[in-house]
Structures are given as C-alpha cells and as structure tokens.
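Trainee: Could you have a look at this structure, given as structure tokens, before my questions?
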Amino acid sequence: MPNGEDVRLKVDHVKSKKVEGTLYMMSERMGWMPKHKDVFTLSFDYCDIKYHRISSDQKSKIRLQIVCYNEMMTTFHFCNPIGLDAQRKDRDAVSDLLKILLPEFKTMMDQALEVKTKILNENKTVYQLYKDLVISGLVPADDFWSKYVDFDKLTESTKKQNAGVSGAFLTNIRPESGDNGGLIYKLNTDTIMSIFRTYPAIREKYDQNVPTGHMTEADFWRTFFQSHYFTMDRMHSSHSRDLFTDCVKRDDEKMHNEAERASRKAMAVIAPETNETSEIGYGVNESITETTGKNDLNKNLIKRFNFHSTMILKSTLGLDTNNDTSSTNRSEIIDDDDDNVAKKFKPDDDLEDLRTEPPEETQTLKLVNPERYLRAPTTDRSQKNSVLQIPTNLNNLKQEMTNWHVNTELSLNSSLAHRIVKDLTPGGALMHGTTAQTLSQIVPQNIQEEMQTIYISLSELLRHFWSSFPPSSPLIEEKIHRVHDTIERFRETQVNAFKEKVSTDLLTDFHLAGHMEDLIDTANTKYHQWIKTLSSTGRT
C-alpha cells in the first residue's frame, strides 16, 4: 500500500506478465503491486507516459498498454473473475483517469522544458555548465536544475494557466474510409479534452453513460458525431430521442441570453436623445420576420457557429461554460448586469473620464521667523570673537615659516631613487625570473575562458559536496559517495587535461590549476575523515 500518497483509483485482479496483482492510480504516478507483496514492482510517473491504448472490444482479453517516452511498453491484463463486463469496466475506469491526468502533466512538462531551454539559451555559462556536468553524466539533471529553477513555483503557475482551445479542433477531426465502406473518426486525448472544456453538457452526458456502463465509449462518440454538435447544419426535431436532445433546449437558451448580453453591452457612443436599441441578434433575434426553408437552415447554422465561438472564448477565459440559465432566473441575470452595461450618453452628460482632475492638496509650511528661514541662522558671539583673531594667527604662522629649515640628509636624490625603483620592478635587474607583463596579458583569452568554466563547474560540484555535511539520512550519505566519485572523475577529465594543455600551449608552468587542486584535496581530506568516522562506529 503506498504511504503518504493520494490513491485516486485502486483496481484488483490486474495481471502483468501473467502475475496477478493490484493497480494503483495516484496523484502523480501509477504503480502495480504483485499479490501478497507490499512494494511496487512497476511504477510510472505520469510525466513519463507518452500515451496509452486499449484493446478492441472484439478481443477476448481486456488489456491496457502504457507507452513511455523512452519507448518502453507495459501491458496490463484485467482479469476480474466476475466476467468480461466487470473487466471492461475496470479497464475503462483506468483509461478515463489517464485521459484526464496525462494532458495536465504534459502541459507541466512542456512548460518546464520551455523554461529550461530559455535559461540555457540566455546564459552561456549555465549552458557550458550543463554540458560539463549533466551531458557528461557527472551530475544528475534533477540536482543541476534544482539550483536554477524553482519547480514548486513553476508547478503552481502551471496549474493556474490553462492552454487555450483551438477554434478548429472539430474541423481537424478528419474521417477515414473503413473496410466496409463506412467512415472512421479517430479521437486523441487533446481533442476529447477540448470537447469537454468547450461543451460541458457533453462531459456531463459522458459521465452519466460511459462510466456507469449504459454505453460503451465507442457508442458514445458515434452518437456525438451524429449530433448537432459535430454536424452543425443538422435540423433537430423536437420528437427526436437522441442522447443530446435535452441539450438542444439548454443550448438555445444560452444562445439567446448571450445574444441579449451582446446587444446590451454594445459600444458606448454619445448619441442623440433617441434611445433606439441596436438590432444585434447574432442569429437569434426574434423580432426579425421568421422565414422557412433555406433561410431557416442558414439562420440555425449561424446560431450554432456563434455559440461555438462563444463557448470557446469562455473556456479560454476560464469562465463557467456550464452556467444553465432558465427563464425563472433570466431577469435576475439581466438586472445584475445593469451596473456593467454600456450606456448611450447624451451630449449634455457629465462624463467622469473628461473631468478636470482637482489639484493635489499640499501642506502649508508654518514659519515662526520667516526672516531667519530666508537668510540663514544667526551666528553666535563666540564665532565673532574667533573671526577677530584671524589676522593675529596669520602673523604668527608667517614668523614660524621664516625660522623653519629643511633637513635633506636622509633623502635620496631623484636619479638614485628612479634607478632603485626600476631594478625592483618585474623584469628589472634585481627581479630575476619575472616579466614586465601581467599574467592576464601572458595567458591567452581562450585559456582564461576555459579556466573560468572549469572553476564554475568545480564550484558547483563542491557546493553539492559540502552542503551534504553533516549527513542526516542514508540518501544524503549516498549522495556524498556519489559526488566524491564525480569530483575525482572531474579531476581526471577536466583539471588534469587543463594542466596538460597549459603546459603544452604556454611552455611555462604558471600553476593555474594549483588552486583547483587544493580545493579538491581539501574535499578529499574531509571525505576520508568522514569514512574513518563511519568505520570507527562500525558503519561502512
């Protein structure tokens, strides 16, 4: 039994490779546990599942197959002892839940990938670090991205942002010719979710019939393709016993209310005192003379197209598209909208947007003595006395300067001082083995950039190493072993290779990698001390 996880569905009597067990559907993954065991032998995160498929209803075995992004496939065989109907019901319950969860996790994965790609494209240092640590296999990708991406915050923003619905999702369903001369329509998960988001009434009918076993999923979607939702030019009879018959009346009511709202919220204009209402009907204006025949068909088609566009806009904006409005509460809705309805203004109306803004209120400065504020504070009498003594002090300073003599016995002459400074400068007579150039001028730019990249990568590895002390769990201890091995491989593949390159290109040993070796040696000393401590306590 999974500990601490929200189990959304549990299905018994499910076989994998002829071994019976139980299938669990959690919030973030699905797992299969063999009978008489308490651990999962199969576990799939929803973000790793590419798609799933089910066996045909004509097959004798009821199966569901999971296909992952790494092309690994796993098949589950539902073998409920009650019978085929119970097996099919269990399979459909798992399939329906996957249809809901997989698009959500796919959106999260797409957004996470977009954020990672943006970081790598905008930051060359991070990109080089990613190549050195992740692509080379030195550091797991999760450990790398945990520093640069706050995925908890990303998950929250993903849940708040829903992908929009394409206005052409119905036209993208292309029929194919079947073997018996009929048409075959293929639906994917994204299209089904778009249908449910745009038409909640279809989702309601689906929940009422498919999970309860009143209809198979194939029969339900066959009925949908024959309904007015897909064939919009179909004239619906009031005596029809179609599955979506009761939805027609509700849709007509919604269309009428939306048309009224659109006409009431027309663009505000400064009009004469005549207040004539606009004839914006969107295909449902009842005041227009009723016609029959082809005009009726065109009017009905326009209504349904406008209703389709309205429902898509509402689903994209996150509004409630299943807000049924009956005739009893219709007047209340209109009254509630009166505050927000655009008005037609008369020429003499006082428009708030055209009013002159009042001047900002300021605080008045209250001065007790304005004369002192404008000129300056008065000086003290003691300051007046000090001003009178300035001439006397100046005469005393002149007498002192007249009697002062310079002592130059301990000073060097300028030529000798200049020669000493020249000999002690790098490259001078007394500075053997040095050069007048700085190290940044001697080392080429490409070696400096490579050295900087290695420093950044090593600093990242050492950060993971030192942040693991003191270890608080076996997982942290395992991470210390893993990062230490990674640091040793990094020394061999990066630091030593850089030392050889420097000695070959520059023909001089400047000890450029000396500090990096000291950092690695310090980490090794800490690691061996920790291993010694574990050995003394009887642990390895």
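As shown in the structure tokens, the chain order sets the letters A, B, ...; within each chain, residues go from 1, and ligands are also counted from 1 in the order they appear.
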Residues of segment 419-471 of chain A classed as alpha helix (DSSP H) by DSSP on the backbone are to be reported as a PyMOL selection string.

Mentor: chain A and resi 419-423+439-442+445-466

Trainee: As number ranges by chain, list the residues of segment 36-146 of chain A assigned to strand (DSSP E) by DSSP on the backbone atoms of this structure.

Mentor: A: 42-45, 49-54, 62-68, 73-78

Trainee: Rounded to one decimal place, report the atom CA of Glu400 of chain A-atom CA of Leu412 of chain A distance in Å.

Mentor: 26.6 Å

Trainee: Closest to Ala168 of chain A among A:Lys501, A:Arg203, A:His308, A:Lys532, using only C-alpha atoms?

Mentor: A:His308

Trainee: For Leu64 of chain A, list every protein, DNA or RNA residue within 8 Å, evaluated using only C-alpha atoms, and leave out those in the same chain fewer than 4 positions away; present the list as a count of residues only.

Mentor: 9

Trainee: Report as number ranges by chain all protein, DNA and RNA residues lying within 12 Å of Met431 of chain A, evaluated on only C-alpha atoms, omitting residues in the same chain fewer than 5 positions from it.

Mentor: A: 420-426, 436
